[in-house]
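K.L.:
For reference, this is data_33.csv, and it has CSV, C-alpha atoms and all ligand atoms.
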chain,number,residue,atom,x,y,z
Q,23,MET,CA,-23.0,-99.2,-117.3
Q,24,LEU,CA,-25.8,-98.0,-119.6
Q,25,SER,CA,-27.8,-100.6,-121.2
Q,26,VAL,CA,-30.6,-99.8,-123.6
Q,27,ARG,CA,-32.7,-102.8,-124.9
Q,28,ASN,CA,-35.4,-102.9,-127.6
Q,29,LEU,CA,-36.4,-99.3,-126.8
Q,30,THR,CA,-39.5,-98.1,-128.6
Q,31,LYS,CA,-41.2,-94.7,-128.8
Q,32,THR,CA,-44.1,-93.5,-130.9
Q,33,TYR,CA,-45.4,-89.9,-130.9
Q,34,ARG,CA,-49.1,-89.5,-131.5
Q,35,THR,CA,-50.3,-86.1,-132.6
Q,36,ALA,CA,-53.5,-85.1,-134.3
Q,37,GLY,CA,-54.3,-88.4,-136.0
Q,38,GLU,CA,-50.6,-88.9,-137.0
Q,39,GLU,CA,-48.4,-91.6,-135.5
Q,40,ILE,CA,-44.6,-91.3,-135.8
Q,41,ALA,CA,-42.7,-94.4,-134.7
Q,42,VAL,CA,-39.4,-92.7,-133.9
Q,43,LEU,CA,-37.6,-95.5,-132.1
Q,44,ARG,CA,-38.3,-99.0,-133.2
Q,45,GLY,CA,-36.2,-101.2,-131.0
Q,46,VAL,CA,-33.0,-99.4,-130.1
Q,47,ASN,CA,-30.1,-101.2,-128.5
Q,48,LEU,CA,-27.1,-99.4,-127.1
Q,49,ASP,CA,-24.5,-100.1,-124.4
Q,50,ILE,CA,-22.0,-97.7,-122.9
Q,51,ALA,CA,-19.3,-98.8,-120.6
Q,52,ARG,CA,-18.0,-96.8,-117.7
Q,53,GLY,CA,-15.6,-94.2,-119.0
Q,54,GLU,CA,-16.6,-94.8,-122.6
Q,55,ARG,CA,-17.3,-91.8,-124.9
Q,56,VAL,CA,-19.8,-92.3,-127.6
Q,57,ALA,CA,-21.0,-90.0,-130.4
Q,58,LEU,CA,-24.6,-90.4,-131.6
Q,59,THR,CA,-25.2,-89.2,-135.1
Q,60,GLY,CA,-28.1,-89.3,-137.5
Q,61,GLU,CA,-30.2,-87.2,-139.8
Q,62,SER,CA,-32.3,-84.4,-138.5
Q,63,GLY,CA,-35.6,-85.9,-137.2
Q,64,SER,CA,-34.1,-89.4,-136.8
Q,65,GLY,CA,-34.8,-89.4,-133.0
Q,66,LYS,CA,-31.5,-88.5,-131.4
Q,67,SER,CA,-33.0,-86.1,-129.0
Q,68,THR,CA,-35.9,-88.4,-128.3
Q,69,LEU,CA,-33.4,-91.2,-127.3
Q,70,LEU,CA,-31.4,-88.9,-125.1
Q,71,HIS,CA,-34.5,-87.6,-123.4
Q,72,LEU,CA,-35.6,-91.2,-122.7
Q,73,ILE,CA,-32.2,-92.1,-121.3
Q,74,ALA,CA,-32.4,-89.0,-119.1
Q,75,GLY,CA,-35.8,-90.0,-117.9
Q,76,LEU,CA,-37.4,-86.8,-119.2
Q,77,ASP,CA,-40.1,-88.8,-121.0
Q,78,ALA,CA,-41.6,-92.2,-120.6
Q,79,VAL,CA,-40.8,-95.1,-123.0
Q,80,ASP,CA,-43.4,-97.1,-124.8
Q,81,GLY,CA,-41.5,-100.3,-124.6
Q,82,GLY,CA,-38.1,-101.8,-123.9
Q,83,GLU,CA,-35.7,-101.2,-121.0
Q,84,ILE,CA,-33.0,-98.7,-120.0
Q,85,ARG,CA,-30.7,-99.8,-117.2
Q,86,LEU,CA,-28.1,-97.6,-115.5
Q,87,ASN,CA,-25.6,-99.4,-113.3
Q,88,GLY,CA,-27.9,-102.4,-113.3
Q,89,ALA,CA,-30.9,-100.5,-112.1
Q,90,SER,CA,-33.9,-100.1,-114.3
Q,91,VAL,CA,-34.7,-96.5,-115.3
Q,92,THR,CA,-37.9,-97.5,-117.1
Q,93,ASP,CA,-39.5,-99.0,-114.0
Q,94,LEU,CA,-39.2,-95.7,-112.1
Q,95,SER,CA,-42.0,-93.2,-111.4
Q,96,ASP,CA,-41.7,-89.7,-112.6
Q,97,ALA,CA,-40.3,-88.7,-109.2
Q,98,GLY,CA,-37.8,-91.6,-109.3
Q,99,ARG,CA,-36.6,-90.5,-112.7
Q,100,ALA,CA,-36.2,-86.9,-111.5
Q,101,ALA,CA,-34.1,-88.2,-108.6
Q,102,LEU,CA,-32.0,-90.3,-110.9
Q,103,ARG,CA,-31.4,-87.3,-113.1
Q,104,ARG,CA,-30.5,-85.1,-110.2
Q,105,ASP,CA,-28.1,-87.6,-108.6
Q,106,ARG,CA,-26.6,-89.8,-111.3
Q,107,LEU,CA,-26.8,-87.9,-114.7
Q,108,GLY,CA,-25.3,-84.8,-116.1
Q,109,LEU,CA,-27.2,-83.0,-118.9
Q,110,VAL,CA,-25.9,-80.5,-121.4
Q,111,PHE,CA,-27.9,-78.9,-124.2
Q,112,GLN,CA,-27.2,-76.8,-127.3
Q,113,GLN,CA,-28.8,-73.7,-125.7
Q,114,PHE,CA,-26.6,-73.9,-122.5
Q,115,ASN,CA,-29.6,-73.4,-120.2
Q,116,LEU,CA,-27.8,-71.5,-117.5
Q,117,ILE,CA,-29.8,-69.7,-114.8
Q,118,PRO,CA,-29.7,-66.0,-115.8
Q,119,SER,CA,-30.2,-64.7,-112.3
Q,120,LEU,CA,-27.2,-66.7,-110.8
Q,121,SER,CA,-23.5,-65.9,-111.1
Q,122,VAL,CA,-21.2,-68.3,-112.9
Q,123,ASP,CA,-20.0,-69.6,-109.5
Q,124,ASP,CA,-23.6,-70.3,-108.3
Q,125,ASN,CA,-24.6,-71.8,-111.7
Q,126,LEU,CA,-21.6,-74.1,-111.4
Q,127,ALA,CA,-22.7,-75.3,-107.9
Q,128,PHE,CA,-26.4,-75.3,-108.6
Q,129,GLN,CA,-26.9,-79.0,-109.5
Q,130,SER,CA,-24.5,-80.3,-106.9
Q,131,ARG,CA,-26.1,-78.3,-104.1
Q,132,ILE,CA,-29.6,-79.5,-105.0
Q,133,ALA,CA,-28.3,-83.1,-105.1
Q,134,GLY,CA,-26.6,-82.6,-101.8
Q,135,ARG,CA,-23.3,-83.6,-103.4
Q,136,HIS,CA,-21.4,-80.4,-103.4
Q,137,ASP,CA,-17.7,-81.0,-103.1
Q,138,ALA,CA,-15.6,-77.8,-102.6
Q,139,ALA,CA,-12.3,-79.4,-103.9
Q,140,TRP,CA,-14.0,-80.8,-107.0
Q,141,HIS,CA,-15.7,-77.5,-107.6
Q,142,ALA,CA,-12.3,-75.7,-107.4
Q,143,GLU,CA,-10.8,-78.2,-109.8
Q,144,LEU,CA,-13.6,-77.7,-112.3
Q,145,VAL,CA,-13.1,-73.9,-112.1
Q,146,GLU,CA,-9.4,-74.4,-112.8
Q,147,ARG,CA,-9.7,-77.0,-115.6
Q,148,LEU,CA,-12.5,-75.1,-117.3
Q,149,GLY,CA,-10.6,-71.8,-117.1
Q,150,LEU,CA,-13.4,-70.0,-115.2
Q,151,ALA,CA,-11.5,-68.5,-112.4
Q,152,LYS,CA,-11.8,-64.9,-113.7
Q,153,LEU,CA,-15.4,-65.3,-114.7
Q,154,LEU,CA,-16.9,-66.5,-111.4
Q,155,ARG,CA,-18.7,-63.3,-110.5
Q,156,ARG,CA,-20.2,-62.7,-114.0
Q,157,TYR,CA,-23.7,-63.6,-115.1
Q,158,PRO,CA,-24.5,-65.8,-118.0
Q,159,GLU,CA,-25.4,-62.9,-120.3
Q,160,GLN,CA,-21.9,-61.5,-119.8
Q,161,LEU,CA,-20.3,-64.6,-121.3
Q,162,SER,CA,-19.6,-65.8,-124.8
Q,163,GLY,CA,-21.2,-69.0,-126.0
Q,164,GLY,CA,-18.1,-71.0,-125.4
Q,165,GLN,CA,-17.8,-69.7,-121.9
Q,166,GLN,CA,-21.5,-70.4,-121.2
Q,167,GLN,CA,-21.1,-74.0,-122.4
Q,168,ARG,CA,-18.0,-74.5,-120.2
Q,169,VAL,CA,-20.1,-73.5,-117.2
Q,170,ALA,CA,-22.9,-75.8,-118.3
Q,171,ILE,CA,-20.5,-78.7,-118.6
Q,172,GLY,CA,-19.0,-77.9,-115.2
Q,173,ARG,CA,-22.5,-77.7,-113.6
Q,174,ALA,CA,-23.4,-81.1,-115.2
Q,175,LEU,CA,-20.2,-82.7,-113.9
Q,176,ALA,CA,-20.2,-81.1,-110.4
Q,177,THR,CA,-22.3,-84.0,-109.1
Q,178,LYS,CA,-19.8,-86.6,-110.5
Q,179,PRO,CA,-22.5,-88.3,-112.5
Q,180,LEU,CA,-22.4,-91.8,-113.8
Q,181,LEU,CA,-23.2,-90.6,-117.3
Q,182,LEU,CA,-23.0,-87.3,-119.1
Q,183,LEU,CA,-25.6,-86.8,-121.8
Q,184,ALA,CA,-25.1,-83.9,-124.3
Q,185,ASP,CA,-27.5,-82.9,-127.1
Q,186,GLU,CA,-25.5,-81.1,-129.8
Q,187,PRO,CA,-23.5,-79.2,-127.1
Q,188,THR,CA,-21.4,-77.4,-129.7
Q,189,GLY,CA,-24.2,-76.7,-132.1
Q,190,ASN,CA,-24.2,-73.0,-131.3
Q,191,LEU,CA,-20.4,-72.6,-131.3
Q,192,ASP,CA,-17.9,-71.8,-134.1
Q,193,GLU,CA,-15.6,-74.6,-135.1
Q,194,ALA,CA,-12.5,-73.6,-133.1
Q,195,THR,CA,-14.6,-72.9,-129.9
Q,196,ALA,CA,-16.4,-76.2,-130.4
Q,197,ASP,CA,-13.1,-78.1,-130.5
Q,198,ASP,CA,-11.9,-76.4,-127.3
Q,199,VAL,CA,-15.1,-77.0,-125.4
Q,200,LEU,CA,-15.3,-80.6,-126.5
Q,201,ALA,CA,-11.6,-81.2,-125.6
Q,202,LEU,CA,-12.4,-79.9,-122.1
Q,203,ALA,CA,-15.5,-82.1,-121.9
Q,204,ARG,CA,-13.4,-85.2,-122.9
Q,205,ASP,CA,-10.7,-84.5,-120.4
Q,206,LEU,CA,-13.2,-84.0,-117.6
Q,207,VAL,CA,-15.1,-87.2,-118.5
Q,208,ALA,CA,-11.8,-89.0,-118.4
Q,209,ARG,CA,-11.1,-87.5,-115.0
Q,210,THR,CA,-14.4,-88.5,-113.5
Q,211,GLY,CA,-14.6,-91.9,-115.3
Q,212,CYS,CA,-18.2,-91.3,-116.2
Q,213,GLY,CA,-19.8,-92.4,-119.5
Q,214,PHE,CA,-20.4,-89.8,-122.2
Q,215,LEU,CA,-23.1,-89.9,-124.9
Q,216,MET,CA,-23.0,-86.9,-127.2
Q,217,VAL,CA,-25.3,-86.1,-130.1
Q,218,THR,CA,-23.5,-84.3,-132.9
Q,219,HIS,CA,-24.0,-83.5,-136.5
Q,220,SER,CA,-20.2,-83.2,-137.0
Q,221,ALA,CA,-18.3,-86.3,-138.2
Q,222,ARG,CA,-15.2,-84.4,-137.3
Q,223,LEU,CA,-16.2,-84.1,-133.7
Q,224,ALA,CA,-17.7,-87.6,-133.6
Q,225,ALA,CA,-14.3,-89.0,-134.6
Q,226,THR,CA,-12.7,-87.5,-131.4
Q,227,LEU,CA,-14.7,-89.9,-129.2
Q,228,ASP,CA,-14.2,-93.6,-128.7
Q,229,ARG,CA,-17.0,-94.8,-130.8
Q,230,ARG,CA,-19.7,-93.6,-133.1
Q,231,VAL,CA,-23.2,-94.9,-133.5
Q,232,THR,CA,-25.9,-93.8,-135.9
Q,233,LEU,CA,-29.7,-93.6,-135.5
Q,234,HIS,CA,-31.5,-94.4,-138.8
Q,235,ALA,CA,-35.0,-95.7,-139.4
Q,236,GLY,CA,-35.6,-96.0,-135.7
Q,237,LEU,CA,-32.6,-98.2,-135.0
Q,238,VAL,CA,-29.1,-97.6,-133.7
Q,239,THR,CA,-26.3,-99.1,-135.7
A,301,LIG,P1,-33.5,-85.4,-133.8
A,301,LIG,O1,-33.0,-84.9,-132.5
A,301,LIG,O2,-32.7,-86.6,-134.4
A,301,LIG,O3,-33.5,-84.3,-134.8
A,301,LIG,P2,-36.1,-85.7,-132.5
A,301,LIG,O4,-35.9,-86.8,-131.5
A,301,LIG,O5,-36.1,-84.3,-132.0
A,301,LIG,O6,-35.0,-85.9,-133.7
A,301,LIG,O7,-37.4,-86.0,-133.3
A,301,LIG,C1,-37.7,-87.2,-134.0
A,301,LIG,C2,-39.1,-87.2,-134.6
A,301,LIG,O8,-40.1,-87.2,-133.6
A,301,LIG,C3,-39.3,-86.0,-135.5
A,301,LIG,O9,-40.1,-86.4,-136.6
A,301,LIG,C4,-40.1,-85.0,-134.6
A,301,LIG,O10,-40.9,-84.2,-135.3
A,301,LIG,C5,-40.9,-86.0,-133.7
A,301,LIG,N1,-41.1,-85.5,-132.3
A,301,LIG,C6,-40.2,-85.2,-131.4
A,301,LIG,N2,-40.8,-84.8,-130.3
A,301,LIG,C7,-42.1,-84.8,-130.4
A,301,LIG,C8,-43.2,-84.6,-129.6
A,301,LIG,N3,-43.1,-84.2,-128.3
A,301,LIG,N4,-44.5,-84.8,-130.2
A,301,LIG,C9,-44.6,-85.2,-131.4
A,301,LIG,N5,-43.6,-85.5,-132.2
A,301,LIG,C10,-42.3,-85.3,-131.8
A,302,MG,MG,-32.3,-83.2,-131.8
Written as structure tokens, that's how I'd like the structure from this file.
P.N.:
Amino acid sequence: MLSVRNLTKTYRTAGEEIAVLRGVNLDIARGERVALTGESGSGKSTLLHLIAGLDAVDGGEIRLNGASVTDLSDAGRAALRRDRLGLVFQQFNLIPSLSVDDNLAFQSRIAGRHDAAWHAELVERLGLAKLLRRYPEQLSGGQQQRVAIGRALATKPLLLLADEPTGNLDEATADDVLALARDLVARTGCGFLMVTHSARLAATLDRRVTLHAGLVT
């Protein structure tokens, strides 16, 4: 479903060149849950951003459901992100001025894919029923990340991308949040690629790959 071939990315800053990705290959099947590990600075976020179409690649190809992401314009990548991908970050990134309920529905409304029954199921499965009228600042970190995961999955994306989603959570909360994410991913049948530092959390997914010296192994 996701196919990454010979992906390269070099950052050029003030006379310095950093070849972060040197020919990355990665495949994720529909419904497959993959952990991406690697040292700090190894390029995990860079790879995730490229797959999400947040940045342009230097070389190589990314295909999602057979369609090339790398051939798309900026606008095309934005549309793909809106319609086919779910994104979750370490910092939750909820919209402070919107209630939990409106945060949850934000992405799916923008994408024109709001589904009331699925929204209700997400609320139920994520244990958010009593929190719907609160605002993000009135939630714990774990609660905020549950909302962010629900928001990302509300569009029923093809692929859920998460960059250290439990990095700001204590161990027990991280376990709970990831268990919910795994269940919801199984429910939707989407692919799941999660960056994590934790070997323990990585072991709860189907497969683990590591980014080292610009390559995925
Ligand atoms: P990780 O997520 O594995 O910690 P990153 O993908 O964030 O790694 O970064 C990989 C390398 O690329 C690091 O050396 C980082 O400093 C560099 N880097 C990341 N983003 C940029 C950028 N926008 N401009 C220049 N260098 C960057
Ligand atoms: Mg990172």
K.L.:
List as a count of residues only the protein and nucleic acid residues near Thr188 in chain Q, meaning an atom at most 12 Å away when all atoms listed in the file are counted, but skip any in the same chain fewer than 2 places from it.
P.N.:
36
K.L.:
Counting all atoms listed in the file, name the residues that have an atom within 7 Å of an atom of ligand LIG 301 (chain A); the answer should be given as a short mmCIF file (atom, residue, chain, number, x, y, z; two decimals) with C-alpha atoms, in the coordinates of the input.
P.N.:
data_model
loop_
_atom_site.label_atom_id
_atom_site.label_comp_id
_atom_site.auth_asym_id
_atom_site.auth_seq_id
_atom_site.Cartn_x
_atom_site.Cartn_y
_atom_site.Cartn_z
CA TYR Q 33 -45.40 -89.90 -130.90
CA ARG Q 34 -49.10 -89.50 -131.50
CA THR Q 35 -50.30 -86.10 -132.60
CA ILE Q 40 -44.60 -91.30 -135.80
CA VAL Q 42 -39.40 -92.70 -133.90
CA GLY Q 60 -28.10 -89.30 -137.50
CA GLU Q 61 -30.20 -87.20 -139.80
CA SER Q 62 -32.30 -84.40 -138.50
CA GLY Q 63 -35.60 -85.90 -137.20
CA SER Q 64 -34.10 -89.40 -136.80
CA GLY Q 65 -34.80 -89.40 -133.00
CA LYS Q 66 -31.50 -88.50 -131.40
CA SER Q 67 -33.00 -86.10 -129.00
CA THR Q 68 -35.90 -88.40 -128.30
CA LEU Q 69 -33.40 -91.20 -127.30
#
K.L.:
Restricting the calculation to all atoms listed in the file: of Q:Thr177, Q:Ser95, Q:Ser119, Q:Ser162, which residue gets closest to Arg131 in chain Q?
P.N.:
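Using all atoms listed in the file, the shortest distance to Arg131 in chain Q belongs to Q:Thr177.
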K.L.:
Using only C-alpha atoms and all ligand atoms for the distances, tell me which of Q:Leu102, Q:Leu58, Q:Leu48, Q:Leu29 is nearest to ligand MG 302 (chain A).
P.N.:
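Comparing Q:Leu102, Q:Leu58, Q:Leu48, Q:Leu29 against ligand MG 302 (chain A), the winner is Q:Leu58.
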K.L.:
Pick out the closest residue to ligand MG 302 (chain A) from this set: Q:Val91, Q:Arg85, Q:Leu70, Q:Leu126. Count all atoms listed in the file.
P.N.:
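Smallest separation from ligand MG 302 (chain A) among the options: Q:Leu70.
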K.L.:
Calculate how many Å separate CA of Val169 in chain Q from CA of Leu153 in chain Q, rounding to one decimal.
P.N.:
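Result for CA of Val169 in chain Q versus CA of Leu153 in chain Q: 9.8 Å, one decimal.
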K.L.:
Hey, what's within 10 Å of Asp105 in chain Q if we count all atoms listed in the file and toss same-chain stuff fewer than 2 positions away? As a ChimeraX atom specification, please?
P.N.:
/Q:99-103,107-108,129-130,132-135,177-180
K.L.:
Once you have the residues from the selection above, write them out as a compact mmCIF listing (two decimals), in the frame of the given file, restricted to C-alpha atoms.
P.N.:
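Written output follows (part_9.txt):
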# COMPACT_ATOMS: atom_id res chain seq x y z
CA ARG Q 99 -36.60 -90.50 -112.70
CA ALA Q 100 -36.20 -86.90 -111.50
CA ALA Q 101 -34.10 -88.20 -108.60
CA LEU Q 102 -32.00 -90.30 -110.90
CA ARG Q 103 -31.40 -87.30 -113.10
CA LEU Q 107 -26.80 -87.90 -114.70
CA GLY Q 108 -25.30 -84.80 -116.10
CA GLN Q 129 -26.90 -79.00 -109.50
CA SER Q 130 -24.50 -80.30 -106.90
CA ILE Q 132 -29.60 -79.50 -105.00
CA ALA Q 133 -28.30 -83.10 -105.10
CA GLY Q 134 -26.60 -82.60 -101.80
CA ARG Q 135 -23.30 -83.60 -103.40
CA THR Q 177 -22.30 -84.00 -109.10
CA LYS Q 178 -19.80 -86.60 -110.50
CA PRO Q 179 -22.50 -88.30 -112.50
CA LEU Q 180 -22.40 -91.80 -113.80
K.L.:
How many Å separate CA of Ile73 in chain Q from CA of Phe128 in chain Q?
P.N.:
21.8 Å
K.L.:
Using Å and a single decimal, report how far CA of Glu54 in chain Q sits from CA of Ala221 in chain Q.
P.N.:
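Here the two named atoms are 17.8 Å from each other.
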